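These notes concern the structure reproduced below.
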Amino acid sequence: MKRQALGAISAALALTLPWVAVWGATEVLPWFAATTGIAYEAPALLETLSTLGTVLVTGLAVLGASFLLAWAAETAEKDVPRAFAIAVLAVLAVAPEYAVDALYAWNAGVFAGTERGVQAGNLAVANMTGANRILIGIGWAGVALFTIFRRGSSTDPSVESRSGFLSDVVVLDRDIGLEVVFLLVATAWAFLVPLNGGIDIFDMLFLVGLYVLYIAVILRGEAEPETEHVGVPAYLQQFSRGRRVLTVLLLFGYAGVMIFTAVEPFAHGLEHLGQEVGVPSFFMIQWIAPLASESPELIVVVYLVNKARSTAGFNALISSKLNQWTLLIGTLVVVHSLALGEYGVLAFDYKQSAEIWLTAAQSFFAIALLLNFEMSVREALTLLVLFLSQVVLEFAIIQEYFGLPVESTELLLLYTAIYVVLGVALFVRRWQSFRRLLRRTAGTVGAAMPGGGDRTHSVDD
């Protein structure tokens with residue numbers, strides 16, 4: 001087992017080495033030289049690489065770092081609650097998304113009052129909503145389908161065959177109910193965000209506070225060392241506690257740095273490739289850049305699901321959605337105000353208001369699908385088709401490929417209505433499941449509060 005584990009770690013590290021060489025020569029060494037006064041001229045490695053070469057080098061780094069992240073999170077489950085380990089993984093995996101959005105929010109503050117500042121504010125919202133919808137439309141739906149149809153799914157206890165057309169389901173652990181309820185609360189608040197003309201301090205206080213409460217609750221949970229691991233995590237969990245914790249921190253740190261530094265040129269490379277074939281820049285920033293920044297998370301989840309750890313995979317996706325739907329939105333106004341030099345609302349236009357409503361509506365519908373802790377093939381396909389059809393139709397409208405009786409913003413509002421109607425119908429149909437979910441979550445939160453003690457948080461289903 002030791003030889004196989006070390007071989008796997010070495011292979012993952014090897015995938016990151018080309019980017020380490022490029023980044024080190026063009027960024028780290030020049031900084032070190034400037035700090036110490038040593039003469040050093042950075043080679044123009046990134047400039048000499050073709051766009052495709054940049055995408056390949058950075059993409060391999062993201063792939064290798066994603067495996068390191070997954071192994072670190074699985075190893076950490078021996079010492080901390082699984083939900084907390086996955087929450088840390090989720091934050092690190094989507095850190096590049098934070099960086100991209102923070103850049104646009106910062107520019108909106110620096111160039112406030114100008115056309116460039118207005119555009120930057122709109123891009124911050126567009127990139128954020130695109131990332132969130134990708135996470136559900138491709139992430140949740142795609143992982144559910146992969147879980148059910150992958151080779152070996154017949155032996156996965158989370159996959160159940162049901163009679164009927166496309167009725168096979170992936171069954172989720174009910175412990176993810178906490179994340180589902182917190183995500184529902186964040187989603188309800190998101191519907192209100194555009195009503196104030198932008199993202200303001202109240203959005204920051206509520207959404208960031210909600211995530212802090214979530215972390216406080218899961219930290220009160222118990223570690224789950226009984227989970228049986230194989231491969232790299234099984235090997236690393238044999239280390240002494242001190243050595244194990246240090247190894248996990250090093251893996252998290254190294255993978256986080258690789259992802260944080262590599263995803264931006266990876267995303268920009270994809271943007272340039274898209275522009276070369278005629279895809280509008282704004283469309284690329286909303287969809288291709290977020291798809292690149294979400295790739296570490298999706299790789300990690302596919303890895304977990306392929307190890308028959310479907311619950312951990314879905315938990316990672318839901319945790320990512322929760323931290324993006326709370327921390328990401330809430331911190332944008334902070335970055336904007338810092339660049340502005342004073343408190344200021346991160347304003348956006350009506351088109352971006354419609355984007356936020358659509359993203360919240362998609363989230364509402366997706367949560368409704370999980371109220372019974374199952375997702376069938378039919379439900380996953382519905383989620384996927386709704387997402388893809390909206391993106392394709394909007395692209396067709398922007399490019400004027402054919403005449404449609406609606407404008408781009410009207411299309412967003414139409415899909416918002418579809419998601420809301422479907423979500424309300426599911427909530428009505430699954431009302432009893434929703435009530436049980438709320439009671440269970442209330443018990444979990446109550447037990448985590450001071451004086452909560454060993455209060456039970458389970459209910460009969």
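FYI, nothing fancy with the structure tokens labels: chains A, B, ... in order, residues from 1 per chain, ligands from 1 as they appear.
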
Write out as a PDB file with C-alpha atoms, in the first residue's frame the residues lying within 12 Å of Ser337 of chain A, counting only C-alpha atoms and excluding same-chain residues fewer than 3 positions away.
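File selection.pdb, as written:
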```pdb
ATOM      1  CA  ALA A 102     -12.795  40.018  -6.219  1.00  0.00           C
ATOM      2  CA  ALA A 105     -15.413  44.046  -7.576  1.00  0.00           C
ATOM      3  CA  TRP A 106     -12.121  45.862  -6.912  1.00  0.00           C
ATOM      4  CA  ASN A 107     -12.136  47.446 -10.380  1.00  0.00           C
ATOM      5  CA  ALA A 108     -15.732  48.528  -9.834  1.00  0.00           C
ATOM      6  CA  GLY A 109     -14.510  50.491  -6.816  1.00  0.00           C
ATOM      7  CA  VAL A 110     -11.316  51.858  -8.382  1.00  0.00           C
ATOM      8  CA  PHE A 111     -13.166  53.076 -11.478  1.00  0.00           C
ATOM      9  CA  ALA A 112     -16.392  54.051  -9.718  1.00  0.00           C
ATOM     10  CA  ILE A 199     -24.997  44.122  -2.890  1.00  0.00           C
ATOM     11  CA  ASP A 200     -24.871  46.116   0.359  1.00  0.00           C
ATOM     12  CA  ILE A 201     -23.705  45.802   3.951  1.00  0.00           C
ATOM     13  CA  MET A 204     -22.754  40.970   3.774  1.00  0.00           C
ATOM     14  CA  GLY A 330     -21.118  38.831   1.033  1.00  0.00           C
ATOM     15  CA  THR A 331     -17.441  39.627   0.549  1.00  0.00           C
ATOM     16  CA  LEU A 332     -17.832  41.347  -2.823  1.00  0.00           C
ATOM     17  CA  VAL A 333     -19.157  44.521  -1.171  1.00  0.00           C
ATOM     18  CA  VAL A 334     -16.181  44.486   1.229  1.00  0.00           C
ATOM     19  CA  LEU A 340     -13.539  52.759  -3.250  1.00  0.00           C
ATOM     20  CA  GLY A 341     -11.930  54.024  -0.046  1.00  0.00           C
ATOM     21  CA  GLU A 342     -15.290  54.204   1.702  1.00  0.00           C
ATOM     22  CA  TYR A 343     -18.413  52.118   2.113  1.00  0.00           C
ATOM     23  CA  GLY A 344     -20.287  51.720  -1.136  1.00  0.00           C
ATOM     24  CA  VAL A 345     -22.941  49.418  -2.555  1.00  0.00           C
ATOM     25  CA  LEU A 346     -21.757  47.179  -5.389  1.00  0.00           C
ATOM     26  CA  ALA A 347     -24.320  48.266  -7.961  1.00  0.00           C
TER      27      ALA A 347
END
```

Query raised in the report: Could you name the residues that touch Phe283 of chain A at 9 Å or less, counting only C-alpha atoms, but leaving out those on the same chain fewer than 4 positions away, as a ChimeraX atom specification?
Result: /A:126,279,287-288,395,398

Would you put the residues from that selection into a file with N, CA, C and O atoms, as a PDB file, in the first residue's frame?
```pdb
ATOM      1  N   ALA A 126     -22.071  38.824 -13.029  1.00  0.00           N
ATOM      2  CA  ALA A 126     -22.216  37.830 -14.095  1.00  0.00           C
ATOM      3  C   ALA A 126     -21.339  36.615 -13.834  1.00  0.00           C
ATOM      4  O   ALA A 126     -21.778  35.464 -13.992  1.00  0.00           O
ATOM      5  N   VAL A 279     -16.755  33.670 -29.882  1.00  0.00           N
ATOM      6  CA  VAL A 279     -17.631  33.737 -28.705  1.00  0.00           C
ATOM      7  C   VAL A 279     -17.445  35.097 -28.038  1.00  0.00           C
ATOM      8  O   VAL A 279     -16.311  35.515 -27.776  1.00  0.00           O
ATOM      9  N   TRP A 287     -19.424  32.365 -18.426  1.00  0.00           N
ATOM     10  CA  TRP A 287     -19.584  30.918 -18.476  1.00  0.00           C
ATOM     11  C   TRP A 287     -18.264  30.142 -18.556  1.00  0.00           C
ATOM     12  O   TRP A 287     -18.072  29.192 -17.794  1.00  0.00           O
ATOM     13  N   ILE A 288     -17.354  30.524 -19.436  1.00  0.00           N
ATOM     14  CA  ILE A 288     -16.135  29.733 -19.602  1.00  0.00           C
ATOM     15  C   ILE A 288     -15.181  29.928 -18.435  1.00  0.00           C
ATOM     16  O   ILE A 288     -14.624  28.955 -17.899  1.00  0.00           O
ATOM     17  N   PHE A 395     -27.265  32.498 -25.769  1.00  0.00           N
ATOM     18  CA  PHE A 395     -26.174  32.677 -26.708  1.00  0.00           C
ATOM     19  C   PHE A 395     -26.717  32.939 -28.112  1.00  0.00           C
ATOM     20  O   PHE A 395     -26.189  33.793 -28.843  1.00  0.00           O
ATOM     21  N   ILE A 398     -27.923  36.543 -28.252  1.00  0.00           N
ATOM     22  CA  ILE A 398     -26.800  37.487 -28.296  1.00  0.00           C
ATOM     23  C   ILE A 398     -26.153  37.507 -29.681  1.00  0.00           C
ATOM     24  O   ILE A 398     -25.834  38.570 -30.223  1.00  0.00           O
TER      25      ILE A 398
END
```

Report task. Find the residues near Leu251 of chain A: any atom within 7 Å, counting only C-alpha atoms, skip ones fewer than 4 places away on the same chain, and give them as a ChimeraX atom specification. Result -> /A:68-69,72,247,255

Query raised in the report: Could you work out how far atom CA of Asp173 of chain A lies from atom CA of Tyr303 of chain A, giving the answer in Å with one decimal?
Result: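 Atom CA of Tyr303 of chain A sits 18.0 Å away from atom CA of Asp173 of chain A.
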
Query - For Val22 of chain A, the nearest of the candidates A:Val57, A:Leu413, A:Leu166, A:Ala34, counting only C-alpha atoms - result: A:Val57

Query raised in the report: What separation in Å, quoted to one decimal, exists between atom CA of Asn127 of chain A and atom CA of Tyr254 of chain A?
Result: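 Distance reported for this atom pair: 25.8 Å.
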
Query raised in the report: Excluding same-chain residues fewer than 2 positions from Ile285 of chain A, what lies within 10 Å of it counting only C-alpha atoms, as a list in words?
Result: Val100, Leu123, Ala124, Ala126, Asn127, Met128, Gly130, Ala131, Ala267, His268, Leu270, Glu271, Pro280, Ser281, Phe282, Phe283, Trp287, Ile288, Ala289, Pro290 and Leu291 of chain A

Report task. Would you mind writing down, as a list in words, each residue of segment 247-417 of chain A that DSSP on the backbone assigns to strand (DSSP E or B)? Result ->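 Selection result, strand (DSSP E or B) within segment 247-417 of chain A: Leu346, Ala347, Glu374, Met375 and Ser376 of chain A.
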
Query raised in the report: Just asking: which residues within segment 266-381 of chain A are helix (DSSP H, G or I) according to DSSP, as an MDAnalysis selection string?
Result: chainID A and resid 266:276 281:306 310:340 350:369 377:381

Query raised in the report: Hey, can you check how far atom CA of Glu410 of chain A sits from atom CA of Leu422 of chain A?
Result: 18.5 Å

Report task. Using only C-alpha atoms, find the one residue out of A:Phe191, A:Tyr211, A:Phe260, A:Trp71 that sits nearest to Ala234 of chain A. Result -> A:Trp71

Query - Ala61 of chain A environment, 8 Å, only C-alpha atoms, sequence neighbours closer than 3 positions dropped, as a list in words - result: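 Non-adjacent residues within range: Leu15, Thr16, Leu17, Pro18, Trp19, Val57, Thr58, Gly64, Ala65, Met258, Ile259 and Ala262 of chain A.
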
If you keep N, CA, C and O atoms, can you produce a file of those selected residues as a PDB file, in the first residue's frame?
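For reference, result.pdb as written:
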```pdb
ATOM      1  N   LEU A  15       2.202  16.276 -12.133  1.00  0.00           N
ATOM      2  CA  LEU A  15       1.301  17.044 -12.997  1.00  0.00           C
ATOM      3  C   LEU A  15       1.415  18.543 -12.745  1.00  0.00           C
ATOM      4  O   LEU A  15       1.169  19.351 -13.647  1.00  0.00           O
ATOM      5  N   THR A  16       1.783  18.914 -11.519  1.00  0.00           N
ATOM      6  CA  THR A  16       1.867  20.339 -11.180  1.00  0.00           C
ATOM      7  C   THR A  16       3.227  20.951 -11.498  1.00  0.00           C
ATOM      8  O   THR A  16       3.362  22.169 -11.537  1.00  0.00           O
ATOM      9  N   LEU A  17       4.250  20.110 -11.711  1.00  0.00           N
ATOM     10  CA  LEU A  17       5.618  20.618 -11.836  1.00  0.00           C
ATOM     11  C   LEU A  17       5.834  21.556 -13.032  1.00  0.00           C
ATOM     12  O   LEU A  17       6.564  22.555 -12.908  1.00  0.00           O
ATOM     13  N   PRO A  18       5.261  21.288 -14.222  1.00  0.00           N
ATOM     14  CA  PRO A  18       5.456  22.254 -15.316  1.00  0.00           C
ATOM     15  C   PRO A  18       4.977  23.659 -14.950  1.00  0.00           C
ATOM     16  O   PRO A  18       5.643  24.643 -15.267  1.00  0.00           O
ATOM     17  N   TRP A  19       3.822  23.720 -14.257  1.00  0.00           N
ATOM     18  CA  TRP A  19       3.323  25.035 -13.849  1.00  0.00           C
ATOM     19  C   TRP A  19       4.199  25.632 -12.747  1.00  0.00           C
ATOM     20  O   TRP A  19       4.432  26.848 -12.726  1.00  0.00           O
ATOM     21  N   VAL A  57      -0.726  23.353 -19.612  1.00  0.00           N
ATOM     22  CA  VAL A  57       0.152  23.376 -18.438  1.00  0.00           C
ATOM     23  C   VAL A  57      -0.645  23.691 -17.176  1.00  0.00           C
ATOM     24  O   VAL A  57      -0.512  23.020 -16.149  1.00  0.00           O
ATOM     25  N   THR A  58      -1.466  24.722 -17.233  1.00  0.00           N
ATOM     26  CA  THR A  58      -2.253  25.099 -16.055  1.00  0.00           C
ATOM     27  C   THR A  58      -3.353  24.088 -15.773  1.00  0.00           C
ATOM     28  O   THR A  58      -3.676  23.819 -14.615  1.00  0.00           O
ATOM     29  N   GLY A  64      -3.770  17.850 -11.006  1.00  0.00           N
ATOM     30  CA  GLY A  64      -2.948  17.267  -9.952  1.00  0.00           C
ATOM     31  C   GLY A  64      -3.301  17.812  -8.584  1.00  0.00           C
ATOM     32  O   GLY A  64      -3.403  17.059  -7.602  1.00  0.00           O
ATOM     33  N   ALA A  65      -3.504  19.129  -8.492  1.00  0.00           N
ATOM     34  CA  ALA A  65      -3.849  19.747  -7.212  1.00  0.00           C
ATOM     35  C   ALA A  65      -5.205  19.271  -6.707  1.00  0.00           C
ATOM     36  O   ALA A  65      -5.417  19.146  -5.496  1.00  0.00           O
ATOM     37  N   MET A 258      -1.413  25.981  -5.844  1.00  0.00           N
ATOM     38  CA  MET A 258      -1.425  25.586  -7.254  1.00  0.00           C
ATOM     39  C   MET A 258      -2.733  25.997  -7.931  1.00  0.00           C
ATOM     40  O   MET A 258      -2.735  26.565  -9.033  1.00  0.00           O
ATOM     41  N   ILE A 259      -3.849  25.715  -7.279  1.00  0.00           N
ATOM     42  CA  ILE A 259      -5.141  26.048  -7.873  1.00  0.00           C
ATOM     43  C   ILE A 259      -5.307  27.558  -7.979  1.00  0.00           C
ATOM     44  O   ILE A 259      -5.743  28.091  -9.009  1.00  0.00           O
ATOM     45  N   ALA A 262      -2.934  28.852 -10.794  1.00  0.00           N
ATOM     46  CA  ALA A 262      -3.036  28.281 -12.140  1.00  0.00           C
ATOM     47  C   ALA A 262      -4.375  28.540 -12.805  1.00  0.00           C
ATOM     48  O   ALA A 262      -4.445  28.606 -14.039  1.00  0.00           O
TER      49      ALA A 262
END
```
